[in-house]
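Listing of final-v4.cif, mmCIF, C-alpha atoms
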data_data
loop_
_atom_site.label_atom_id
_atom_site.label_comp_id
_atom_site.auth_asym_id
_atom_site.auth_seq_id
_atom_site.Cartn_x
_atom_site.Cartn_y
_atom_site.Cartn_z
CA MET S 1 -46.64 -138.37 -33.55
CA GLN S 2 -47.88 -136.78 -30.34
CA ASP S 3 -48.40 -140.16 -28.68
CA LEU S 4 -44.85 -141.29 -29.43
CA HIS S 5 -42.02 -140.93 -26.97
CA ILE S 6 -40.29 -138.04 -28.74
CA PHE S 7 -39.34 -134.80 -27.01
CA ASP S 8 -37.46 -131.61 -27.82
CA GLU S 9 -36.18 -131.14 -24.26
CA PRO S 10 -35.53 -133.61 -21.44
CA PRO S 11 -38.99 -134.29 -19.94
CA PRO S 12 -39.65 -134.07 -16.18
CA GLY S 13 -37.62 -136.69 -14.34
CA ALA S 14 -34.94 -136.96 -17.03
CA ALA S 15 -31.35 -135.86 -16.50
CA GLN S 16 -29.67 -133.44 -18.90
CA ASP S 17 -28.16 -136.41 -20.74
CA TRP S 18 -31.74 -137.70 -21.23
CA THR S 19 -31.33 -140.71 -18.94
CA VAL S 20 -34.10 -141.65 -16.53
CA ALA S 21 -34.58 -144.12 -13.71
CA GLN S 22 -35.75 -147.47 -15.03
CA ASN S 23 -38.16 -147.83 -12.08
CA TRP S 24 -38.00 -151.59 -12.44
CA ALA S 25 -40.25 -152.17 -9.40
CA ALA S 26 -43.16 -150.57 -11.28
CA TYR S 27 -43.34 -153.37 -13.86
CA LYS S 28 -46.19 -155.77 -13.17
CA ASP S 29 -46.10 -159.56 -13.32
CA ALA S 30 -47.97 -159.35 -16.62
CA ASP S 31 -45.21 -157.10 -18.02
CA HIS S 32 -42.52 -159.61 -17.07
CA SER S 33 -44.54 -162.50 -18.51
CA HIS S 34 -45.13 -160.57 -21.74
CA TRP S 35 -41.41 -159.83 -21.96
CA SER S 36 -40.41 -163.46 -21.45
CA ASP S 37 -42.91 -164.55 -24.11
CA LEU S 38 -41.47 -162.04 -26.58
CA VAL S 39 -37.90 -163.17 -25.92
CA ALA S 40 -38.74 -166.88 -26.13
CA ARG S 41 -40.71 -166.55 -29.35
CA GLN S 42 -38.17 -164.35 -31.08
CA THR S 43 -35.19 -166.43 -29.96
CA ALA S 44 -36.73 -169.61 -31.36
CA GLY S 45 -37.64 -167.92 -34.63
CA LEU S 46 -34.21 -166.44 -35.29
CA GLN S 47 -32.25 -169.67 -35.26
CA GLY S 48 -30.57 -169.99 -38.65
CA LEU S 49 -31.45 -166.40 -39.59
CA ALA S 50 -29.42 -164.29 -37.16
CA CYS S 51 -25.64 -163.98 -37.28
CA GLU S 52 -23.43 -166.02 -34.96
CA ALA S 53 -22.47 -163.03 -32.80
CA PHE S 54 -26.10 -162.24 -32.07
CA LEU S 55 -27.00 -165.83 -31.18
CA ASP S 56 -23.91 -166.06 -28.95
CA GLY S 57 -25.00 -162.84 -27.28
CA LEU S 58 -28.49 -164.14 -26.65
CA ALA S 59 -27.10 -167.28 -25.01
CA THR S 60 -24.67 -165.29 -22.89
CA LEU S 61 -27.06 -162.56 -21.73
CA ASP S 62 -30.08 -164.83 -21.08
CA LEU S 63 -32.45 -161.91 -21.54
CA GLY S 64 -35.79 -163.57 -20.91
CA ALA S 65 -35.29 -165.93 -18.00
CA ALA S 66 -36.32 -163.54 -15.21
CA GLY S 67 -38.55 -161.14 -17.14
CA ILE S 68 -37.60 -157.54 -17.88
CA PRO S 69 -33.94 -157.02 -16.94
CA ASN S 70 -33.22 -154.84 -13.92
CA PHE S 71 -30.46 -152.63 -15.30
CA ASP S 72 -29.00 -151.97 -11.84
CA GLU S 73 -28.09 -155.67 -11.77
CA PHE S 74 -27.84 -156.37 -15.50
CA ASN S 75 -25.18 -153.73 -16.10
CA THR S 76 -22.74 -155.30 -13.67
CA ARG S 77 -22.25 -158.36 -15.85
CA PHE S 78 -22.99 -156.61 -19.14
CA LEU S 79 -20.13 -154.19 -18.50
CA ALA S 80 -17.78 -157.06 -17.65
CA GLN S 81 -18.84 -159.01 -20.77
CA THR S 82 -18.83 -156.17 -23.29
CA GLY S 83 -17.31 -152.98 -21.88
CA TRP S 84 -20.71 -151.31 -22.39
CA GLN S 85 -23.64 -150.30 -20.20
CA ALA S 86 -27.36 -149.96 -20.95
CA VAL S 87 -28.82 -146.59 -19.87
CA PRO S 88 -32.61 -146.10 -19.68
CA VAL S 89 -34.06 -143.14 -21.60
CA ILE S 90 -37.61 -141.90 -22.11
CA GLY S 91 -37.71 -142.75 -25.82
CA VAL S 92 -36.12 -141.34 -28.97
CA ILE S 93 -33.48 -138.81 -27.89
CA PRO S 94 -31.72 -136.06 -29.89
CA ASN S 95 -28.74 -136.96 -32.06
CA GLY S 96 -26.18 -135.17 -29.91
CA ALA S 97 -27.17 -136.98 -26.73
CA PHE S 98 -27.35 -140.31 -28.55
CA PHE S 99 -23.90 -139.90 -30.10
CA ALA S 100 -22.40 -138.85 -26.76
CA HIS S 101 -23.71 -141.99 -25.06
CA LEU S 102 -22.32 -144.24 -27.79
CA ALA S 103 -18.94 -142.52 -27.68
CA ALA S 104 -18.84 -143.25 -23.93
CA ARG S 105 -19.89 -146.88 -24.53
CA ARG S 106 -23.38 -146.43 -23.13
CA PHE S 107 -26.32 -147.70 -25.17
CA PRO S 108 -29.62 -145.81 -24.66
CA VAL S 109 -32.57 -148.12 -23.98
CA ALA S 110 -36.23 -147.05 -23.97
CA ASN S 111 -37.88 -147.64 -20.60
CA PHE S 112 -41.27 -148.76 -22.02
CA VAL S 113 -42.31 -152.07 -23.61
CA ARG S 114 -44.55 -152.55 -26.65
CA GLN S 115 -48.13 -153.59 -26.05
CA HIS S 116 -49.48 -157.09 -26.64
CA SER S 117 -51.12 -155.79 -29.83
CA SER S 118 -47.66 -155.00 -31.25
CA LEU S 119 -45.88 -158.32 -30.88
CA ASP S 120 -43.93 -158.32 -34.14
CA TYR S 121 -43.69 -154.64 -35.01
CA ASN S 122 -43.70 -151.42 -33.04
CA GLU S 123 -43.89 -147.98 -34.62
CA GLU S 124 -41.11 -146.65 -32.40
CA PRO S 125 -38.13 -148.33 -30.74
CA ASP S 126 -39.19 -149.77 -27.38
CA MET S 127 -37.27 -151.66 -24.70
CA PHE S 128 -37.66 -154.97 -26.51
CA HIS S 129 -36.20 -153.53 -29.70
CA ASP S 130 -33.34 -151.89 -27.81
CA VAL S 131 -32.48 -154.73 -25.42
CA PHE S 132 -33.26 -157.83 -27.47
CA GLY S 133 -32.41 -156.36 -30.87
CA HIS S 134 -29.25 -154.44 -29.97
CA LEU S 135 -27.57 -155.60 -26.78
CA PRO S 136 -26.62 -159.18 -27.78
CA MET S 137 -24.46 -157.77 -30.59
CA PHE S 138 -22.17 -156.04 -28.08
CA ILE S 139 -20.84 -159.46 -27.05
CA ASP S 140 -18.78 -159.08 -30.24
CA ARG S 141 -16.09 -156.63 -29.10
CA THR S 142 -15.34 -155.55 -32.67
CA PHE S 143 -18.96 -154.56 -33.17
CA GLY S 144 -18.83 -152.66 -29.89
CA ASP S 145 -15.73 -150.81 -31.07
CA PHE S 146 -17.57 -149.88 -34.27
CA MET S 147 -20.48 -148.48 -32.27
CA ALA S 148 -18.17 -146.34 -30.12
CA ALA S 149 -16.37 -145.10 -33.24
CA TYR S 150 -19.74 -144.30 -34.77
CA GLY S 151 -20.65 -142.26 -31.71
CA ARG S 152 -17.45 -140.23 -31.99
CA ALA S 153 -18.07 -139.70 -35.70
CA GLY S 154 -21.63 -138.69 -34.88
CA LEU S 155 -20.48 -135.91 -32.56
CA ARG S 156 -18.29 -134.55 -35.34
CA ALA S 157 -21.11 -134.90 -37.88
CA GLU S 158 -23.53 -133.09 -35.57
CA GLY S 159 -21.14 -130.15 -35.37
CA ALA S 160 -20.81 -130.11 -39.16
CA GLY S 161 -24.53 -130.46 -39.85
CA MET S 162 -24.05 -133.88 -41.46
CA SER S 163 -25.79 -136.13 -38.94
CA ASP S 164 -28.57 -137.04 -41.39
CA LEU S 165 -26.06 -138.60 -43.79
CA LEU S 166 -24.38 -140.47 -40.97
CA GLY S 167 -27.79 -141.52 -39.69
CA HIS S 168 -28.42 -143.31 -42.98
CA LEU S 169 -25.31 -145.39 -42.31
CA TYR S 170 -26.65 -146.36 -38.89
CA LEU S 171 -30.04 -147.38 -40.25
CA HIS S 172 -28.55 -149.50 -43.06
CA THR S 173 -26.09 -151.27 -40.75
CA VAL S 174 -27.03 -151.26 -37.05
CA GLU S 175 -30.77 -151.44 -37.74
CA PHE S 176 -31.22 -153.33 -41.01
CA GLY S 177 -27.78 -154.76 -41.77
CA LEU S 178 -26.92 -158.18 -43.17
CA ILE S 179 -23.55 -159.96 -43.01
CA ARG S 180 -22.04 -162.67 -45.23
CA GLN S 181 -21.86 -165.82 -43.15
CA GLY S 182 -22.12 -169.56 -43.60
CA GLY S 183 -22.23 -169.34 -47.38
CA GLY S 184 -25.20 -166.97 -47.31
CA VAL S 185 -26.33 -163.89 -45.43
CA LYS S 186 -27.47 -163.48 -41.81
CA ALA S 187 -29.11 -160.60 -39.98
CA TYR S 188 -27.33 -158.43 -37.43
CA GLY S 189 -29.47 -155.27 -37.54
CA ALA S 190 -31.78 -154.73 -34.58
CA GLY S 191 -34.66 -153.52 -36.73
CA LEU S 192 -34.60 -156.93 -38.36
CA LEU S 193 -33.89 -159.03 -35.29
CA SER S 194 -36.74 -157.54 -33.27
CA SER S 195 -39.14 -158.31 -36.17
CA TYR S 196 -39.27 -161.98 -37.14
CA ALA S 197 -41.23 -161.39 -40.35
CA GLU S 198 -38.74 -158.93 -41.81
CA THR S 199 -35.77 -161.06 -40.78
CA VAL S 200 -37.20 -163.98 -42.75
CA HIS S 201 -37.81 -161.71 -45.72
CA ALA S 202 -34.36 -160.09 -45.66
CA VAL S 203 -32.40 -163.32 -45.24
CA THR S 204 -34.39 -165.84 -47.30
CA ASN S 205 -36.62 -164.13 -49.86
CA PRO S 206 -35.01 -164.34 -53.33
CA LYS S 207 -36.88 -161.16 -54.31
CA ALA S 208 -35.31 -159.06 -51.55
CA ARG S 209 -32.62 -156.76 -52.98
CA ARG S 210 -29.26 -157.20 -51.24
CA VAL S 211 -26.39 -154.88 -52.13
CA ALA S 212 -22.74 -155.09 -51.09
CA PHE S 213 -21.56 -152.47 -48.59
CA ASN S 214 -20.83 -149.12 -50.24
CA LEU S 215 -20.40 -146.23 -47.78
CA PRO S 216 -21.31 -143.23 -50.00
CA ARG S 217 -24.21 -145.15 -51.52
CA MET S 218 -25.58 -146.02 -48.07
CA MET S 219 -25.27 -142.46 -46.82
CA ARG S 220 -27.34 -141.24 -49.77
CA THR S 221 -30.06 -143.88 -49.39
CA ASP S 222 -33.27 -143.16 -47.50
CA TYR S 223 -35.07 -145.85 -45.50
CA LEU S 224 -38.58 -146.89 -44.43
CA PHE S 225 -39.96 -147.24 -40.91
CA ASP S 226 -43.39 -148.71 -41.67
CA LYS S 227 -42.59 -151.29 -44.37
CA PHE S 228 -39.91 -153.84 -45.17
CA GLN S 229 -36.80 -152.22 -46.60
CA PRO S 230 -36.65 -152.61 -50.40
CA THR S 231 -32.83 -152.65 -50.26
CA TYR S 232 -30.54 -154.27 -47.68
CA PHE S 233 -26.78 -153.71 -47.46
CA VAL S 234 -24.42 -156.61 -46.79
CA ILE S 235 -21.07 -156.35 -45.00
CA ASP S 236 -18.25 -158.91 -45.22
CA SER S 237 -17.33 -158.76 -41.52
CA PHE S 238 -17.53 -156.56 -38.44
CA ALA S 239 -13.77 -156.04 -38.69
CA ALA S 240 -14.24 -154.60 -42.19
CA LEU S 241 -17.05 -152.36 -40.94
CA LEU S 242 -14.88 -151.06 -38.09
CA GLU S 243 -11.97 -150.46 -40.46
CA VAL S 244 -14.14 -148.30 -42.71
CA MET S 245 -15.32 -146.31 -39.70
CA GLU S 246 -11.79 -145.75 -38.41
CA THR S 247 -9.93 -145.09 -41.67
CA THR S 248 -12.38 -143.24 -43.92
CA SER S 249 -12.30 -139.46 -44.02
CA LEU S 250 -16.00 -138.91 -43.45
CA SER S 251 -15.63 -135.18 -43.97
CA GLN S 252 -14.38 -135.95 -47.48
CA VAL S 253 -17.37 -138.24 -48.10
CA TYR S 254 -19.73 -135.50 -46.90
CA GLU S 255 -18.05 -133.08 -49.29
CA GLU S 256 -18.35 -135.52 -52.19
CA LEU S 257 -22.05 -136.05 -51.48
CA ASP S 258 -22.83 -132.38 -51.08
CA GLY S 259 -25.48 -131.39 -53.61
CA HIS S 260 -26.40 -134.95 -54.55
CA PRO S 261 -30.07 -135.85 -54.00
CA VAL S 262 -31.08 -138.50 -51.48
CA LEU S 263 -31.85 -141.83 -53.16
CA ALA S 264 -35.26 -143.40 -52.60
CA PRO S 265 -35.14 -146.62 -50.52
CA GLY S 266 -35.73 -148.91 -53.49
CA GLN S 267 -33.89 -146.90 -56.11
CA GLU S 268 -31.29 -148.75 -58.17
CA TYR S 269 -27.84 -147.22 -58.31
CA GLU S 270 -25.13 -147.58 -60.94
CA GLY S 271 -22.30 -149.61 -59.47
CA ASP S 272 -24.44 -151.65 -57.08
CA VAL S 273 -23.00 -155.12 -56.50
CA ILE S 274 -25.90 -157.48 -55.90
CA VAL S 275 -25.36 -160.17 -53.27
CA ALA S 276 -27.04 -163.36 -54.41
CA ILE S 277 -28.28 -166.07 -52.06
CA ASP S 278 -28.71 -169.77 -52.63
CA ALA S 279 -32.33 -170.21 -53.71
CA ALA S 280 -32.28 -173.70 -52.24
#
If you convert what's in this file into structure tokens, what do you get?
Amino acid sequence: MQDLHIFDEPPPGAAQDWTVAQNWAAYKDADHSHWSDLVARQTAGLQGLACEAFLDGLATLDLGAAGIPNFDEFNTRFLAQTGWQAVPVIGVIPNGAFFAHLAARRFPVANFVRQHSSLDYNEEPDMFHDVFGHLPMFIDRTFGDFMAAYGRAGLRAEGAGMSDLLGHLYLHTVEFGLIRQGGGVKAYGAGLLSSYAETVHAVTNPKARRVAFNLPRMMRTDYLFDKFQPTYFVIDSFAALLEVMETTSLSQVYEELDGHPVLAPGQEYEGDVIVAIDAA
């Protein structure tokens, strides 16, 4: 893990909130070309697999036309379009800082880009994952409201020592989530949308296990970083997801789950409602 962008304290050059200067001028022509290739390839591949909000966001933000976005310029229109800003960070940041940014409608974005040898998968979230995978979803204002509500809940969970349980919710929705749409399911999670191969698997493979949204179940379920998820959770709508976030007593859920073991990623669970897809 020593080569990954993970730190215990803000590294030199980072502010106390973990943000850093993007230093856009330091990117080379090859970096911009690599970025545009990534965006073009992934955009073409996700047609028919990604949810409508994501595809609308891609069209609106036009992320690949001029290479790596310059956040000093990008944020002007992104804020007007979504009410959010992208803030560069050095890599994976602590829970408290991450939650605080979300609560203030700022989305942390890694300031480094995956190498050419990691076109479809990167071991840690990079700028492509964060910008291409996450930012288009904020065009949907309801999704943005959910993310801000999640950040506020995260700050409370951090104080109560429950951020790991809440983190499971994030991974199974914001990173690997599916939504019912168009008579089937579509991807909206950034971990899927920044990896074409897993998106195809999650949305189209009849052998993939898709389970209807169940908050306590999701909070108990572990996840994988280096393989396809054996279980994906499906929401009905972003409005329903926001409603759960705003109306559920999470402290009560934490209390109910206290003492229960974490479920393995592929473990079956009594009460699971399987979401079938059309094999055709």
- Message: Can you measure atom CA of S:Pro12 to atom CA of S:Ala100 for me? One decimal in Å is fine.
- Response: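 Computing the Euclidean distance for atom CA of S:Pro12 and atom CA of S:Ala100 yields 20.8 Å.
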- Message: Please enumerate the residues selected by the PyMOL selection byres ((chain S and resi 174) around 8) when evaluated against the supplied file, formatted as a list in words.
- Response: Tyr170, Leu171, His172, Thr173, Glu175, Phe176, Gly177, Tyr188, Gly189, Ala190 and Gly191 of chain S
- Query: the PyMOL selection byres ((chain S and resi 30-40) around 12) on the file shown: which residues, as a PyMOL selection string?
  - Reply: chain S and resi 24-29+41-47+58-59+61-70+112-121+126-129+131-133+193-196
- Query: If the PyMOL selection byres ((chain S and resi 95) around 9) is run on the structure shown, which residues does it catch, given as a list in words?
  - Reply: Ile93, Pro94, Gly96, Ala97, Phe98, Phe99, Ala100, Gly154, Leu155, Glu158, Ser163 and Gly167 of chain S
- Name the residues within 8 Å of (-35.5, -139.5, -52.7), counting only C-alpha atoms in the file's coordinates, and put them as a VMD selection string. chain S and resid 221 to 222 261 to 265
Reconstructed stretch 3-30 of chain S, atom set N, CA and C atoms, as an mmCIF file, in the frame of the given file:
data_model
loop_
_atom_site.group_PDB
_atom_site.id
_atom_site.type_symbol
_atom_site.label_atom_id
_atom_site.label_comp_id
_atom_site.auth_asym_id
_atom_site.auth_seq_id
_atom_site.Cartn_x
_atom_site.Cartn_y
_atom_site.Cartn_z
ATOM 1 N N ASP S 3 -48.354 -139.076 -29.649
ATOM 2 C CA ASP S 3 -48.400 -140.160 -28.680
ATOM 3 C C ASP S 3 -47.089 -140.911 -28.576
ATOM 4 N N LEU S 4 -46.136 -140.610 -29.462
ATOM 5 C CA LEU S 4 -44.850 -141.290 -29.430
ATOM 6 C C LEU S 4 -43.950 -140.650 -28.393
ATOM 7 N N HIS S 5 -42.936 -141.395 -27.994
ATOM 8 C CA HIS S 5 -42.020 -140.930 -26.970
ATOM 9 C C HIS S 5 -40.893 -140.121 -27.605
ATOM 10 N N ILE S 6 -41.249 -138.929 -28.085
ATOM 11 C CA ILE S 6 -40.290 -138.040 -28.740
ATOM 12 C C ILE S 6 -40.430 -136.658 -28.122
ATOM 13 N N PHE S 7 -39.314 -136.080 -27.705
ATOM 14 C CA PHE S 7 -39.340 -134.800 -27.010
ATOM 15 C C PHE S 7 -38.243 -133.885 -27.555
ATOM 16 N N ASP S 8 -38.470 -132.586 -27.420
ATOM 17 C CA ASP S 8 -37.460 -131.610 -27.820
ATOM 18 C C ASP S 8 -36.512 -131.273 -26.683
ATOM 19 N N GLU S 9 -36.981 -131.419 -25.451
ATOM 20 C CA GLU S 9 -36.180 -131.140 -24.260
ATOM 21 C C GLU S 9 -36.346 -132.307 -23.303
ATOM 22 N N PRO S 10 -35.373 -132.531 -22.423
ATOM 23 C CA PRO S 10 -35.530 -133.610 -21.440
ATOM 24 C C PRO S 10 -36.826 -133.423 -20.652
ATOM 25 N N PRO S 11 -37.713 -134.416 -20.647
ATOM 26 C CA PRO S 11 -38.990 -134.290 -19.940
ATOM 27 C C PRO S 11 -38.779 -134.338 -18.425
ATOM 28 N N PRO S 12 -39.791 -134.001 -17.642
ATOM 29 C CA PRO S 12 -39.650 -134.070 -16.180
ATOM 30 C C PRO S 12 -39.156 -135.437 -15.727
ATOM 31 N N GLY S 13 -38.179 -135.434 -14.853
ATOM 32 C CA GLY S 13 -37.620 -136.690 -14.340
ATOM 33 C C GLY S 13 -36.393 -137.168 -15.082
ATOM 34 N N ALA S 14 -36.110 -136.558 -16.248
ATOM 35 C CA ALA S 14 -34.940 -136.960 -17.030
ATOM 36 C C ALA S 14 -33.762 -136.054 -16.708
ATOM 37 N N ALA S 15 -32.571 -136.633 -16.698
ATOM 38 C CA ALA S 15 -31.350 -135.860 -16.500
ATOM 39 C C ALA S 15 -31.027 -135.100 -17.792
ATOM 40 N N GLN S 16 -30.040 -134.224 -17.737
ATOM 41 C CA GLN S 16 -29.670 -133.440 -18.900
ATOM 42 C C GLN S 16 -29.117 -134.308 -20.028
ATOM 43 N N ASP S 17 -28.620 -135.498 -19.685
ATOM 44 C CA ASP S 17 -28.160 -136.410 -20.740
ATOM 45 C C ASP S 17 -29.300 -137.315 -21.227
ATOM 46 N N TRP S 18 -30.528 -137.012 -20.808
ATOM 47 C CA TRP S 18 -31.740 -137.700 -21.230
ATOM 48 C C TRP S 18 -31.972 -139.045 -20.545
ATOM 49 N N THR S 19 -31.107 -139.459 -19.639
ATOM 50 C CA THR S 19 -31.330 -140.710 -18.940
ATOM 51 C C THR S 19 -32.397 -140.540 -17.861
ATOM 52 N N VAL S 20 -33.067 -141.640 -17.557
ATOM 53 C CA VAL S 20 -34.100 -141.650 -16.530
ATOM 54 C C VAL S 20 -33.902 -142.884 -15.657
ATOM 55 N N ALA S 21 -34.581 -142.911 -14.537
ATOM 56 C CA ALA S 21 -34.580 -144.120 -13.710
ATOM 57 C C ALA S 21 -35.420 -145.189 -14.403
ATOM 58 N N GLN S 22 -34.962 -146.408 -14.400
ATOM 59 C CA GLN S 22 -35.750 -147.470 -15.030
ATOM 60 C C GLN S 22 -37.036 -147.724 -14.253
ATOM 61 N N ASN S 23 -36.989 -147.567 -12.938
ATOM 62 C CA ASN S 23 -38.160 -147.830 -12.080
ATOM 63 C C ASN S 23 -38.643 -149.251 -12.283
ATOM 64 N N TRP S 24 -37.711 -150.181 -12.155
ATOM 65 C CA TRP S 24 -38.000 -151.590 -12.440
ATOM 66 C C TRP S 24 -39.122 -152.136 -11.560
ATOM 67 N N ALA S 25 -39.234 -151.659 -10.328
ATOM 68 C CA ALA S 25 -40.250 -152.170 -9.400
ATOM 69 C C ALA S 25 -41.671 -151.873 -9.880
ATOM 70 N N ALA S 26 -41.818 -150.920 -10.807
ATOM 71 C CA ALA S 26 -43.160 -150.570 -11.280
ATOM 72 C C ALA S 26 -43.703 -151.553 -12.305
ATOM 73 N N TYR S 27 -42.848 -152.389 -12.895
ATOM 74 C CA TYR S 27 -43.340 -153.370 -13.860
ATOM 75 C C TYR S 27 -44.164 -154.423 -13.144
ATOM 76 N N LYS S 28 -45.278 -154.792 -13.747
ATOM 77 C CA LYS S 28 -46.190 -155.770 -13.170
ATOM 78 C C LYS S 28 -45.800 -157.179 -13.617
ATOM 79 N N ASP S 29 -46.363 -158.171 -12.944
ATOM 80 C CA ASP S 29 -46.100 -159.560 -13.320
ATOM 81 C C ASP S 29 -46.467 -159.808 -14.778
ATOM 82 N N ALA S 30 -47.555 -159.177 -15.223
ATOM 83 C CA ALA S 30 -47.970 -159.350 -16.620
ATOM 84 C C ALA S 30 -46.928 -158.773 -17.579
#
